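Asks: For reference, this is coords-v4.txt, and it has compact mmCIF, C-alpha atoms.
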```
# COMPACT_ATOMS: atom_id res chain seq x y z
CA MET A 13 4.61 -25.54 27.09
CA ASP A 14 1.33 -24.13 25.83
CA ILE A 15 2.25 -20.45 25.49
CA SER A 16 -1.33 -19.31 24.89
CA GLU A 17 -2.56 -21.06 28.03
CA ASN A 18 0.34 -19.67 30.03
CA LEU A 19 -0.39 -16.10 28.91
CA ASN A 20 -4.14 -16.42 29.48
CA ASN A 21 -3.64 -17.80 32.99
CA SER A 22 -1.11 -15.05 33.77
CA ALA A 23 -3.50 -12.36 32.52
CA SER A 24 -6.32 -13.84 34.61
CA PHE A 25 -4.05 -13.88 37.66
CA THR A 26 -3.05 -10.25 37.08
CA GLY A 27 -6.67 -9.16 36.80
CA LYS A 28 -7.41 -10.59 40.24
CA ILE A 29 -5.39 -7.75 41.80
CA PHE A 30 -8.53 -5.63 41.40
CA ASN A 31 -10.21 -7.83 44.00
CA ASN A 32 -7.99 -6.09 46.54
CA LEU A 33 -7.68 -2.44 45.53
CA GLY A 34 -5.85 -1.58 48.75
CA ASN A 35 -3.13 -4.05 47.84
CA LEU A 36 -2.90 -2.63 44.33
CA ILE A 37 -2.67 0.98 45.51
CA LEU A 38 0.03 0.09 48.04
CA LEU A 39 2.05 -1.74 45.38
CA ILE A 40 1.84 1.29 43.09
CA VAL A 41 2.88 3.69 45.88
CA LEU A 42 5.83 1.48 46.82
CA ASN A 43 6.86 1.17 43.16
CA ILE A 44 7.02 4.96 42.81
CA ILE A 45 9.61 5.36 45.57
CA PRO A 46 13.25 4.69 44.53
CA VAL A 47 15.00 1.89 46.46
CA ILE A 48 11.77 1.11 48.32
CA ASN A 49 10.46 -0.20 45.00
CA LEU A 50 12.68 -3.24 45.54
CA ILE A 51 9.83 -4.45 47.75
CA VAL A 52 7.68 -4.74 44.62
CA LEU A 53 10.42 -6.67 42.86
CA GLY A 54 10.53 -8.94 45.92
CA TYR A 55 6.75 -9.30 45.67
CA MET A 56 7.20 -10.55 42.12
CA ALA A 57 9.79 -13.03 43.44
CA LYS A 58 7.23 -14.23 45.98
CA ILE A 59 4.82 -14.95 43.13
CA VAL A 60 7.51 -16.86 41.23
CA LYS A 61 8.38 -18.89 44.32
CA GLU A 62 4.88 -19.73 45.55
CA SER A 63 2.83 -19.58 42.32
CA PRO A 64 -0.35 -18.54 44.18
CA GLU A 65 -3.80 -18.63 42.59
CA GLU A 66 -4.26 -14.90 43.20
CA PRO A 67 -1.97 -11.99 44.09
CA PRO A 68 -0.95 -12.42 47.75
CA LYS A 69 -1.45 -9.73 50.35
CA LEU A 70 1.57 -7.55 50.99
CA SER A 71 3.37 -8.50 54.20
CA ASP A 72 6.84 -9.07 55.62
CA TYR A 73 8.25 -6.03 53.84
CA GLY A 74 11.79 -6.58 55.06
CA LYS A 75 11.97 -10.03 53.44
CA LEU A 76 10.41 -8.73 50.24
CA PHE A 77 13.03 -5.96 50.12
CA VAL A 78 15.90 -8.43 50.57
CA ASP A 79 14.43 -10.77 47.96
CA GLY A 80 14.02 -7.87 45.55
CA LEU A 81 17.62 -6.80 46.14
CA LEU A 82 18.84 -10.35 45.41
CA VAL A 83 16.87 -10.41 42.16
CA LEU A 84 18.33 -7.05 41.16
CA ILE A 85 21.87 -8.29 41.89
CA ALA A 86 21.17 -11.43 39.84
CA ILE A 87 19.94 -9.33 36.90
CA ILE A 88 23.05 -7.13 37.09
CA ILE A 89 25.31 -10.19 37.15
CA TYR A 90 23.82 -11.54 33.92
CA ALA A 91 23.46 -8.17 32.19
CA LEU A 92 26.78 -6.60 33.23
CA ILE A 93 29.03 -7.86 30.41
CA PRO A 94 26.54 -7.06 27.60
CA ILE A 95 25.92 -3.60 29.08
CA ILE A 96 29.67 -2.93 29.20
CA VAL A 97 29.97 -3.98 25.54
CA MET A 98 27.03 -1.72 24.61
CA GLY A 99 28.67 1.14 26.53
CA ILE A 100 31.90 0.65 24.59
CA GLY A 101 29.90 0.82 21.38
CA ILE A 102 28.25 4.07 22.42
CA PHE A 103 31.60 5.52 23.50
CA ALA A 104 33.20 4.51 20.20
CA SER A 105 30.41 6.32 18.35
CA MET A 106 30.89 9.57 20.28
CA PRO A 107 33.09 11.19 17.60
CA THR A 108 30.10 10.81 15.29
CA PHE A 109 28.12 13.17 17.50
CA MET A 110 31.11 15.42 18.22
CA TRP A 111 31.89 15.99 14.56
CA GLY A 112 28.31 16.41 13.51
CA SER A 113 27.29 15.35 10.02
CA ALA A 114 30.53 16.35 8.29
CA PRO A 115 31.45 13.30 6.18
CA SER A 116 34.91 11.85 6.61
CA LEU A 117 36.62 8.48 6.65
CA ALA A 118 37.13 8.74 10.43
CA TRP A 119 33.44 9.57 10.86
CA SER A 120 32.40 6.50 8.88
CA ILE A 121 34.81 4.14 10.65
CA SER A 122 33.70 5.43 14.04
CA TRP A 123 30.03 5.03 13.18
CA ILE A 124 30.41 1.51 11.77
CA PHE A 125 32.67 0.30 14.59
CA GLY A 126 30.59 1.84 17.37
CA ASN A 127 27.29 0.52 16.05
CA THR A 128 28.72 -2.94 15.41
CA ILE A 129 29.98 -3.15 18.99
CA PHE A 130 26.69 -1.80 20.35
CA TRP A 131 24.54 -4.36 18.53
CA LEU A 132 26.95 -7.10 19.51
CA GLY A 133 26.20 -6.09 23.09
CA VAL A 134 22.45 -6.26 22.40
CA ILE A 135 22.83 -9.78 20.98
CA LEU A 136 24.96 -10.80 23.97
CA LEU A 137 22.31 -9.41 26.33
CA PHE A 138 19.63 -11.57 24.73
CA ILE A 139 21.88 -14.64 24.82
CA PHE A 140 22.79 -14.05 28.47
CA LEU A 141 19.15 -13.57 29.41
CA ILE A 142 18.16 -16.86 27.76
CA ILE A 143 20.01 -18.63 30.56
CA GLY A 144 19.71 -15.77 33.04
CA THR A 145 15.92 -15.63 33.17
CA MET A 146 15.63 -19.32 33.96
CA ALA A 147 18.58 -19.10 36.36
CA ILE A 148 16.91 -16.28 38.29
CA GLY A 149 13.66 -18.22 38.38
CA ASN A 150 15.51 -21.29 39.67
CA MET A 151 17.29 -19.15 42.27
CA ILE A 152 13.98 -17.76 43.50
CA ARG A 153 12.18 -21.10 43.51
CA THR A 154 14.93 -22.93 45.40
CA GLY A 155 16.01 -20.02 47.62
CA SER A 156 19.63 -20.69 46.67
CA PHE A 157 21.70 -17.85 45.17
CA SER A 158 24.20 -20.43 43.85
CA LYS A 159 21.58 -21.66 41.37
CA LEU A 160 22.45 -18.58 39.28
CA PHE A 161 25.60 -20.41 38.29
CA ALA A 162 24.16 -23.92 37.99
CA PHE A 163 24.41 -23.63 34.21
CA SER A 164 23.87 -27.30 33.43
CA GLU A 165 20.81 -27.48 35.67
CA ASN A 166 19.33 -24.27 34.29
CA TRP A 167 19.92 -25.41 30.72
CA GLY A 168 18.16 -28.65 31.62
CA LEU A 169 15.14 -26.65 32.81
CA ILE A 170 15.09 -24.75 29.51
CA LYS A 171 15.22 -28.01 27.55
CA GLY A 172 12.42 -29.30 29.74
CA VAL A 173 10.25 -26.37 28.64
CA GLY A 174 11.38 -26.73 25.02
CA LEU A 175 13.94 -24.30 23.65
CA GLY A 176 11.67 -23.08 20.84
CA SER A 177 8.73 -22.42 23.16
CA TYR A 178 11.00 -20.78 25.72
CA LEU A 179 12.51 -18.42 23.14
CA ILE A 180 9.05 -17.46 21.86
CA TRP A 181 7.97 -16.81 25.45
CA LEU A 182 11.01 -14.57 26.04
CA VAL A 183 10.24 -12.58 22.89
CA VAL A 184 6.60 -12.18 23.95
CA MET A 185 7.67 -10.98 27.40
CA PHE A 186 10.06 -8.49 25.79
CA VAL A 187 7.39 -7.17 23.43
CA ILE A 188 4.95 -6.76 26.32
CA LEU A 189 7.68 -4.95 28.26
CA LEU A 190 8.16 -2.54 25.33
CA ILE A 191 4.42 -1.88 25.22
CA VAL A 192 4.32 -1.34 28.97
CA GLY A 193 7.26 1.06 28.67
CA ALA A 194 5.53 3.00 25.91
CA ILE A 195 2.34 3.28 27.98
CA GLY A 196 4.37 4.36 30.99
CA GLN A 197 5.90 7.22 29.00
CA ALA A 198 2.45 8.78 28.64
CA VAL A 199 2.68 9.78 32.30
CA PRO A 200 6.41 9.98 33.07
CA TYR A 201 7.64 8.03 36.09
CA VAL A 202 4.26 7.64 37.81
CA GLY A 203 2.83 5.97 34.72
CA GLY A 204 5.80 3.62 34.55
CA ALA A 205 5.37 2.73 38.22
CA ILE A 206 1.69 1.92 37.69
CA VAL A 207 2.04 -0.28 34.62
CA GLY A 208 5.22 -1.75 36.10
CA VAL A 209 3.19 -3.31 38.91
CA PHE A 210 0.95 -5.08 36.40
CA TYR A 211 3.97 -6.29 34.43
CA TYR A 212 5.58 -7.68 37.59
CA LEU A 213 2.37 -9.56 38.38
CA PHE A 214 2.02 -10.90 34.85
CA PHE A 215 5.66 -11.84 34.36
CA GLY A 216 5.98 -13.36 37.83
CA LYS A 217 2.97 -15.63 37.37
CA SER A 218 4.01 -16.57 33.83
CA LEU A 219 7.49 -17.61 34.97
CA ALA A 220 5.99 -19.43 37.95
CA LEU A 221 3.76 -21.47 35.63
CA ILE A 222 6.78 -22.41 33.52
CA LEU A 223 8.68 -23.55 36.59
CA ASP A 224 5.63 -25.45 37.86
CA GLU A 225 5.41 -27.31 34.57
CA VAL A 226 9.07 -28.13 34.01
CA GLN A 227 9.91 -28.98 37.62
CA GLY A 228 6.75 -31.05 37.92
CA SER A 229 7.58 -33.04 34.79
CA MET A 230 11.12 -33.66 36.05
CA THR A 231 9.80 -34.90 39.40
CA GLU A 232 7.44 -37.32 37.67
CA ALA A 233 10.09 -38.62 35.29
CA PRO A 234 11.38 -42.11 36.17
```
Starting from the coordinates I provided, produce the structure as structure tokens.
Replies:
Amino acid sequence: MDISENLNNSASFTGKIFNNLGNLILLIVLNIIPVINLIVLGYMAKIVKESPEEPPKLSDYGKLFVDGLLVLIAIIIYALIPIIVMGIGIFASMPTFMWGSAPSLAWSISWIFGNTIFWLGVILLFIFLIIGTMAIGNMIRTGSFSKLFAFSENWGLIKGVGLGSYLIWLVVMFVILLIVGAIGQAVPYVGGAIVGVFYYLFFGKSLALILDEVQGSMTEAP
């Protein structure tokens, strides 16, 4: 996978949303409204599934909502265990905050244990999302929820991309997400909804290009 080409094509695709300002404004409005914003997540899924040359016109809102809900459920499935572990770490660190800065053996043990568990959860989250991101993409592309648990098949897709390239791509997507989040904080909530639309467009097309490449190469293989 040529990461630079992938990112450039995804950025070009995202920029084409300005060719239809009505579509962009509607996406932003929908993304502001809780629950309804699942339509925008479903719109991203549509991009992953169809890999269009330019952002498609919004339509069939009911299907987009259902597709967005399925993606959200898939994300929760893969992130649930790491989030629980991270929560345990935060809970274990609570005495640190309750006792303030007064040094004690219990304070130190609580801080070390809680932070160790928390960062273990962070590591688990990244590991789970290595498979989870491709699994969700495969689920969307095939229209089969069971593909979330087709671990061997999903791992084969990752190997088809190249594990090193795939990991670099995941890191890049995470860094971009952090930047988007920071920009969104400048205008709380509304700002996040606006930049979130662009991230959905960019990420959706980028993942679609990966799936196009790896699934195409597997189809051509003897």
Asks: What are the closest atom pairs, with distances in Å to one decimal, for each residue of region 40-88 of chain A lying within 7 Å of region 145-167 of chain A, using all atoms listed in the file, rows by chain and rising residue number, as CSV?
Replies:
```
residue,atom,partner,partner_atom,distance
A:Ala57,CA,A:Ile152,CA,6.3
A:Val60,CA,A:Arg153,CA,6.7
A:Lys61,CA,A:Arg153,CA,4.5
A:Ala86,CA,A:Ile148,CA,6.6
```
Asks: Using only C-alpha atoms, which residue out of A:Leu36, A:Leu182, A:Ile191, A:Ile48 lies closest to Leu141 (chain A)?
Replies: A:Leu182
Asks: Excluding same-chain residues fewer than 4 positions from Tyr55 (chain A), what lies within 9 Å of it counting all atoms listed in the file, as number ranges by chain?
Replies: A: 39, 50-51, 59-60, 68, 70, 73, 76-77, 79-80, 212-213, 216
Asks: A:Asn20, A:Ser177, A:Ser105, A:Asn43: which is nearest Val207 (chain A), counting all atoms listed in the file?
Replies: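 Looking at the shortest contact to Val207 (chain A), the residue is A:Asn43.
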Asks: Would you work out the distance separating CA of Lys75 (chain A) from CA of Asn49 (chain A), expressed in Å to one decimal?
Replies: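 If I compute the distance from CA of Lys75 (chain A) to CA of Asn49 (chain A), I get 13.0 Å.
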Asks: CA of Met106 (chain A) to CA of Gly126 (chain A): how many Å, to one decimal?
Replies: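 CA of Gly126 (chain A) lies at a distance of 8.3 Å from CA of Met106 (chain A).
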Asks: Looking at A:Gly168, A:Gly204, A:Gly196, A:Gly27, which one is nearest to Leu223 (chain A), with distances taken over only C-alpha atoms?
Replies: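 That would be A:Gly168, the residue with the smallest distance to Leu223 (chain A).
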Asks: Hey, can you check how far CA of Pro94 (chain A) sits from CA of Val134 (chain A)?
Replies: 6.7 Å
Asks: Nearest to Gly172 (chain A): which of A:Asn35, A:Gln227, A:Asn21, A:Ser122 is it, counting all atoms listed in the file?
Replies: A:Gln227
Asks: Which residue out of A:Gln197, A:Ile135, A:Ile206, A:Thr26 has the minimum interatomic distance to Ile44 (chain A) when only C-alpha atoms are used?
Replies: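 Closest candidate: A:Ile206.
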Asks: Check the smallest atom-to-atom distance from each of A:Ile88, A:Met56, A:Leu219, A:Ser22 to Ile170 (chain A) using only C-alpha atoms, then report the winner.
Replies: A:Leu219
